[in-house]
$ cat final_8.cif   # mmCIF, C-alpha atoms
data_upload
#
loop_
_atom_site.label_atom_id
_atom_site.label_comp_id
_atom_site.auth_asym_id
_atom_site.auth_seq_id
_atom_site.Cartn_x
_atom_site.Cartn_y
_atom_site.Cartn_z
CA MET A 1 93.99 131.34 115.10
CA ASN A 2 92.53 128.66 112.93
CA LYS A 3 94.09 128.48 109.51
CA ALA A 4 91.97 125.77 107.98
CA GLY A 5 89.33 126.32 105.35
CA GLY A 6 86.21 124.49 104.21
CA LEU A 7 85.81 121.20 102.46
CA THR A 8 87.20 120.90 98.95
CA LEU A 9 87.22 117.88 96.68
CA LYS A 10 90.96 117.47 97.21
CA ILE A 11 90.59 117.40 100.99
CA PHE A 12 87.66 115.04 100.78
CA ALA A 13 89.77 112.76 98.57
CA MET A 14 92.47 112.78 101.25
CA ILE A 15 89.95 111.91 103.97
CA PHE A 16 88.51 109.19 101.76
CA LEU A 17 92.02 107.81 101.12
CA ASN A 18 92.58 107.87 104.89
CA ASP A 19 89.40 105.83 105.32
CA VAL A 20 90.23 103.36 102.57
CA ILE A 21 93.69 102.78 104.03
CA ASP A 22 92.16 102.30 107.48
CA ALA A 23 89.67 99.75 106.18
CA THR A 24 92.40 97.96 104.18
CA ALA A 25 94.71 97.82 107.20
CA GLN A 26 91.97 96.35 109.36
CA ILE A 27 91.10 93.69 106.81
CA LEU A 28 94.79 92.81 106.31
CA MET A 29 95.32 92.48 110.04
CA LYS A 30 92.19 90.42 110.51
CA LYS A 31 93.34 88.07 107.74
CA GLY A 32 96.94 88.02 108.97
CA ILE A 33 96.25 87.22 112.62
CA VAL A 34 96.71 83.54 113.46
CA GLY A 35 94.86 81.67 116.18
CA GLY A 36 91.12 82.12 116.10
CA HIS A 37 90.67 82.49 119.84
CA ALA A 38 90.26 85.77 121.69
CA VAL A 39 93.20 87.15 123.61
CA SER A 40 92.90 86.87 127.37
CA TRP A 41 93.72 89.89 129.46
CA SER A 42 96.96 88.72 131.09
CA LEU A 43 100.16 90.49 130.08
CA HIS A 44 101.81 87.14 129.35
CA ALA A 45 99.07 86.13 126.92
CA LEU A 46 99.18 89.54 125.29
CA ILE A 47 102.94 89.36 124.69
CA ALA A 48 102.61 85.83 123.35
CA PHE A 49 99.86 87.02 121.01
CA VAL A 50 101.94 89.92 119.70
CA GLY A 51 104.99 87.64 119.28
CA GLN A 52 102.87 85.16 117.38
CA ASN A 53 101.59 87.73 114.92
CA ALA A 54 104.28 90.40 114.58
CA ALA A 55 106.09 88.40 111.90
CA SER A 56 103.02 88.06 109.71
CA PRO A 57 103.57 90.08 106.53
CA LEU A 58 99.90 91.01 106.40
CA VAL A 59 99.97 92.36 109.96
CA LEU A 60 103.20 94.26 109.25
CA VAL A 61 101.73 95.89 106.16
CA GLY A 62 98.68 96.80 108.26
CA VAL A 63 100.83 98.48 110.90
CA LEU A 64 102.79 100.40 108.23
CA LEU A 65 99.55 101.57 106.68
CA TYR A 66 98.41 102.84 110.09
CA ALA A 67 101.64 104.81 110.50
CA PHE A 68 101.17 106.35 107.06
CA ASN A 69 97.58 107.17 107.94
CA PHE A 70 98.67 109.08 111.03
CA PHE A 71 100.81 111.43 108.90
CA LEU A 72 98.01 111.77 106.37
CA TRP A 73 95.61 112.72 109.19
CA ILE A 74 97.99 115.44 110.37
CA VAL A 75 98.11 116.86 106.84
CA ILE A 76 94.27 116.74 106.66
CA LEU A 77 93.97 118.58 110.00
CA SER A 78 96.27 121.30 108.69
CA LYS A 79 93.78 121.96 105.90
CA ILE A 80 90.35 121.67 107.50
CA ASP A 81 88.40 122.27 110.73
CA LEU A 82 88.52 119.47 113.29
CA SER A 83 84.71 119.52 113.54
CA LEU A 84 84.58 118.69 109.81
CA ALA A 85 87.46 116.22 109.68
CA VAL A 86 86.27 113.95 112.50
CA PRO A 87 82.73 113.18 111.27
CA LEU A 88 83.98 112.91 107.68
CA GLY A 89 86.73 110.60 108.85
CA SER A 90 84.07 108.25 110.14
CA THR A 91 82.91 107.22 106.70
CA THR A 92 85.10 104.24 107.59
CA TYR A 93 82.20 102.85 109.60
CA ALA A 94 80.12 102.72 106.47
CA LEU A 95 83.08 101.61 104.39
CA ILE A 96 84.23 98.67 106.51
CA PRO A 97 80.84 96.92 106.44
CA LEU A 98 80.74 97.58 102.71
CA ALA A 99 84.26 96.15 102.29
CA SER A 100 83.33 93.18 104.50
CA VAL A 101 80.39 92.41 102.24
CA ILE A 102 82.52 92.64 99.12
CA PHE A 103 85.78 90.99 100.22
CA LEU A 104 84.87 88.80 103.20
CA HIS A 105 81.40 87.88 101.89
CA GLU A 106 79.65 88.95 105.07
CA LYS A 107 75.93 89.68 104.98
CA ILE A 108 74.34 93.10 105.40
CA SER A 109 70.81 93.89 106.59
CA ALA A 110 68.39 96.52 105.37
CA MET A 111 69.16 98.56 108.50
CA GLY A 112 72.83 98.47 107.62
CA ILE A 113 72.10 99.76 104.13
CA VAL A 114 69.96 102.60 105.58
CA GLY A 115 72.83 103.43 107.95
CA ILE A 116 75.32 103.60 105.09
CA LEU A 117 72.95 105.87 103.14
CA CYS A 118 72.59 108.12 106.23
CA VAL A 119 76.36 108.45 106.44
CA ILE A 120 76.58 109.39 102.76
CA LEU A 121 73.81 111.98 103.22
CA GLY A 122 75.70 113.39 106.23
CA ILE A 123 78.83 113.80 104.11
CA LEU A 124 76.85 115.71 101.47
CA ILE A 125 75.36 118.02 104.13
CA LEU A 126 78.77 118.66 105.71
CA SER A 127 80.16 119.65 102.33
CA LYS A 128 77.67 122.55 102.46
CA SER A 129 78.85 123.68 105.89
CA GLU A 130 80.42 127.11 105.84
CA SER A 131 84.09 127.43 106.59
CA SER A 132 84.77 129.01 109.94
CA VAL A 133 87.71 130.82 108.44
CA GLN A 134 87.77 133.32 105.64
CA LYS A 135 89.17 131.93 102.45
CA ARG A 136 92.69 132.93 101.60
CA VAL A 137 92.76 135.12 98.53
CA SER A 138 94.87 133.47 95.90
CA ALA A 139 96.92 135.48 93.48
CA PRO A 140 95.52 135.60 89.94
CA MET B 1 76.01 98.82 131.46
CA ASN B 2 76.79 101.84 133.65
CA ARG B 3 80.41 100.81 133.79
CA THR B 4 80.54 100.34 130.04
CA LEU B 5 79.13 103.85 129.64
CA LEU B 6 81.83 105.20 131.93
CA TYR B 7 84.63 103.44 130.03
CA VAL B 8 83.31 104.53 126.63
CA LEU B 9 83.00 108.10 127.90
CA MET B 10 86.58 108.02 129.18
CA ALA B 11 87.75 106.63 125.82
CA GLU B 12 85.92 109.43 124.03
CA ILE B 13 87.24 112.17 126.27
CA TRP B 14 90.83 111.01 125.77
CA ASN B 15 90.26 110.71 122.03
CA THR B 16 88.83 114.22 121.88
CA VAL B 17 91.76 115.59 123.88
CA GLY B 18 94.14 113.85 121.47
CA GLN B 19 92.41 115.32 118.42
CA LEU B 20 92.41 118.81 120.00
CA LEU B 21 96.15 118.52 120.65
CA PHE B 22 96.79 117.37 117.05
CA LYS B 23 94.70 120.19 115.65
CA GLN B 24 96.34 122.77 117.89
CA SER B 25 99.74 121.55 116.71
CA THR B 26 98.86 121.95 113.05
CA ASN B 27 97.19 125.33 113.73
CA ALA B 28 100.40 126.59 115.33
CA LEU B 29 102.29 126.18 112.07
CA PRO B 30 101.95 128.19 108.85
CA PRO B 31 99.38 126.56 106.56
CA LEU B 32 100.52 123.89 104.16
CA GLU B 33 100.53 125.54 100.76
CA GLY B 34 101.07 124.06 97.35
CA GLY B 35 101.86 120.46 96.54
CA GLY B 36 104.97 118.39 96.21
CA PHE B 37 106.46 115.86 98.56
CA ARG B 38 109.11 118.32 99.69
CA HIS B 39 106.45 120.62 101.07
CA TYR B 40 104.80 117.79 102.95
CA GLY B 41 108.13 116.56 104.29
CA THR B 42 109.06 119.98 105.65
CA PHE B 43 105.61 120.46 107.12
CA LEU B 44 105.56 117.07 108.82
CA LYS B 45 109.05 117.58 110.22
CA GLY B 46 107.94 120.89 111.70
CA VAL B 47 104.74 119.49 113.12
CA MET B 48 106.39 116.43 114.67
CA LYS B 49 108.59 118.72 116.73
CA ARG B 50 105.57 120.10 118.53
CA PRO B 51 104.94 118.56 121.95
CA GLY B 52 101.19 118.51 121.25
CA ILE B 53 101.68 115.67 118.76
CA PHE B 54 103.43 113.50 121.32
CA LEU B 55 100.89 114.36 124.02
CA GLY B 56 98.10 113.76 121.52
CA LEU B 57 99.44 110.28 120.77
CA LEU B 58 99.58 109.56 124.50
CA SER B 59 95.96 110.70 124.87
CA MET B 60 94.95 108.49 121.97
CA ALA B 61 96.75 105.54 123.58
CA ALA B 62 94.88 106.17 126.84
CA GLY B 63 91.63 106.36 124.86
CA LEU B 64 92.43 103.05 123.16
CA VAL B 65 92.97 101.34 126.53
CA PHE B 66 89.56 102.52 127.80
CA TRP B 67 88.00 101.52 124.48
CA LEU B 68 89.44 98.00 124.71
CA VAL B 69 88.30 97.66 128.33
CA ALA B 70 84.80 98.77 127.25
CA LEU B 71 84.85 96.23 124.40
CA SER B 72 85.84 93.46 126.80
CA GLN B 73 82.76 94.25 128.92
CA ALA B 74 80.00 94.71 126.40
CA ALA B 75 78.97 93.79 122.88
CA LEU B 76 80.68 95.63 120.05
CA SER B 77 77.38 97.12 118.86
CA VAL B 78 76.56 98.56 122.31
CA VAL B 79 80.00 100.15 122.57
CA PHE B 80 79.64 101.57 119.06
CA VAL B 81 76.24 103.09 119.77
CA LEU B 82 77.58 104.73 122.94
CA GLY B 83 80.62 105.73 120.89
CA SER B 84 78.61 108.06 118.69
CA MET B 85 78.65 110.57 121.57
CA GLN B 86 82.17 111.28 120.33
CA TYR B 87 80.80 113.48 117.54
CA ILE B 88 78.96 115.74 119.94
CA LEU B 89 82.05 116.01 122.13
CA ILE B 90 84.18 116.95 119.12
CA LEU B 91 81.62 119.58 118.05
CA ILE B 92 81.59 121.18 121.51
CA ALA B 93 85.36 120.98 121.95
CA SER B 94 86.03 122.43 118.48
CA ARG B 95 83.72 125.32 119.26
CA PHE B 96 85.13 126.18 122.67
CA PHE B 97 88.80 125.23 122.45
CA LEU B 98 89.57 125.89 118.79
CA GLY B 99 87.04 128.64 118.03
CA GLU B 100 85.53 126.80 115.08
CA LYS B 101 82.16 128.07 113.90
CA ILE B 102 79.48 125.39 114.17
CA ASP B 103 76.70 126.27 111.73
CA GLY B 104 73.42 124.41 111.18
CA MET B 105 74.83 122.38 108.29
CA ARG B 106 77.73 121.17 110.34
CA PHE B 107 75.44 120.14 113.20
CA LEU B 108 72.94 118.42 110.87
CA GLY B 109 75.62 116.62 108.84
CA THR B 110 77.28 115.39 112.02
CA VAL B 111 73.94 114.09 113.36
CA PHE B 112 73.30 112.22 110.09
CA ILE B 113 76.74 110.60 110.15
CA ALA B 114 76.39 109.66 113.85
CA THR B 115 72.91 108.21 113.18
CA GLY B 116 74.14 106.26 110.15
CA ILE B 117 77.03 104.78 112.09
CA THR B 118 74.69 103.83 114.94
CA LEU B 119 72.36 102.05 112.48
CA VAL B 120 75.29 100.21 110.89
CA ALA B 121 76.53 99.18 114.35
CA LEU B 122 73.08 97.97 115.43
CA SER B 123 72.61 96.01 112.22
CA SER B 124 75.78 93.94 112.59
#
$ encode --input "final_8.cif" --output "structure tokens"
Amino acid sequence: MNKAGGLTLKIFAMIFLNDVIDATAQILMKKGIVGGHAVSWSLHALIAFVGQNAASPLVLVGVLLYAFNFFLWIVILSKIDLSLAVPLGSTTYALIPLASVIFLHEKISAMGIVGILCVILGILILSKSESSVQKRVSAP
Amino acid sequence: MNRTLLYVLMAEIWNTVGQLLFKQSTNALPPLEGGGFRHYGTFLKGVMKRPGIFLGLLSMAAGLVFWLVALSQAALSVVFVLGSMQYILILIASRFFLGEKIDGMRFLGTVFIATGITLVALSS
């Protein structure tokens, strides 16, 4: 039986933290990776690429953040329906472009802004979605 | 394009299976109550012992391989747009395998988020 409840501010904060960490890890890794060329698909090239970048402190921090995020995701899933957690966890896709604009000075189009607004609206609607599980009665 | 669609779909199916396994693993344990790092530590130790977590990670790894193959074949934006099918898959899987109740709000909110992500992907 499902033991998770609906969306609370605390859970949303955890999902948001999960997203922020994800975006941070991606930016760190993108900045930390050396060699501007794309990796070719041979195993040899792949191993060389990993060897070249594994020692980068930025990449290492990125990997550690990903590991932490996995545990955080497990905790989130223990508190909320999967069908709420997954779409809410995708605010990253609005967040990364936003972070890219702010920190990497990339440009954003009007369509991108509309997309980000759509995502935010979706989050607000999901917060109104009823919990599939009855709320646990807490002691007074 | 057809091949890209196939690879993206495979990536999404493996991802969905992974998420279902994670969620089933956390559902199998008593709910995480109260705060404190000790609570979280005990909970995580318990959950990591469940085979579903390991199998879920394997599924995710398989999904990642298909995702990377898809990315190597088509533009990032195309793969992302196709990728928004994931949300529908998760909705259906949560309903039928986990017994979650999908009300109108949940459907509508999911559609908005999927649409927003598609627009962001198309704009980049």
$ resolve_selection --input "final_8.cif" --expression "the PyMOL selection byres ((chain A) within 9 of (chain B))" --output "PyMOL selection string"
chain A and resi 1-4+71+74-75+77-79+81-84+86-88+90-91+93-94+97+107-133
$ atom_distance --input "final_8.cif" --atom1 "atom CA of Ala74 of chain B" --atom2 "atom CA of Val8 of chain B"
10.4 Å
$ atom_distance --input "final_8.cif" --atom1 "atom CA of Ile47 of chain A" --atom2 "atom CA of Leu65 of chain A"
22.0 Å
$ atom_distance --input "final_8.cif" --atom1 "atom CA of Gln26 of chain A" --atom2 "atom CA of Trp67 of chain B"
16.5 Å
$ residues_around --input "final_8.cif" --residues "Trp73 of chain A" --least-positions-apart "3" --cutoff "8 Å" --atoms "all atoms listed in the file" --output "list in words"
Ile15, Asn18, Asn69, Phe70, Ile76 and Leu77 of chain A
$ resolve_selection --input "final_8.cif" --expression "the PyMOL selection byres ((chain A and resi 48-64) around 9)" --output "list in words"
Ile21, Asp22, Thr24, Ala25, Gln26, Ile27, Leu28, Met29, Lys30, Lys31, Gly32, Ile33, Val34, Gly35, Val39, Leu43, His44, Ala45, Leu46, Ile47, Leu65, Tyr66, Ala67, Phe68 and Asn69 of chain A
$ build_atoms --input "final_8.cif" --residues "segment 112-124 of chain B" --atoms "N, CA and C atoms" --output "tab-separated table (two decimals), in the frame of the given file"
chain	number	residue	atom	x	y	z
B	112	PHE	N	73.58	113.26	111.09
B	112	PHE	CA	73.30	112.22	110.09
B	112	PHE	C	74.38	111.14	110.11
B	113	ILE	N	75.65	111.57	110.16
B	113	ILE	CA	76.74	110.60	110.15
B	113	ILE	C	76.70	109.74	111.42
B	114	ALA	N	76.45	110.40	112.58
B	114	ALA	CA	76.39	109.66	113.85
B	114	ALA	C	75.23	108.66	113.82
B	115	THR	N	74.07	109.11	113.28
B	115	THR	CA	72.91	108.21	113.18
B	115	THR	C	73.21	107.03	112.26
B	116	GLY	N	73.81	107.32	111.12
B	116	GLY	CA	74.14	106.26	110.15
B	116	GLY	C	75.06	105.23	110.75
B	117	ILE	N	76.08	105.71	111.47
B	117	ILE	CA	77.03	104.78	112.09
B	117	ILE	C	76.35	103.93	113.16
B	118	THR	N	75.43	104.57	113.91
B	118	THR	CA	74.69	103.83	114.94
B	118	THR	C	73.85	102.73	114.30
B	119	LEU	N	73.18	103.05	113.18
B	119	LEU	CA	72.36	102.05	112.48
B	119	LEU	C	73.23	100.90	111.97
B	120	VAL	N	74.39	101.25	111.39
B	120	VAL	CA	75.29	100.21	110.89
B	120	VAL	C	75.75	99.31	112.04
B	121	ALA	N	76.06	99.94	113.18
B	121	ALA	CA	76.53	99.18	114.35
B	121	ALA	C	75.43	98.26	114.87
B	122	LEU	N	74.19	98.78	114.92
B	122	LEU	CA	73.08	97.97	115.43
B	122	LEU	C	72.72	96.83	114.49
B	123	SER	N	73.01	97.01	113.20
B	123	SER	CA	72.61	96.01	112.22
B	123	SER	C	73.58	94.83	112.14
B	124	SER	N	74.78	95.00	112.73
B	124	SER	CA	75.78	93.94	112.59
B	124	SER	C	75.76	92.99	113.77
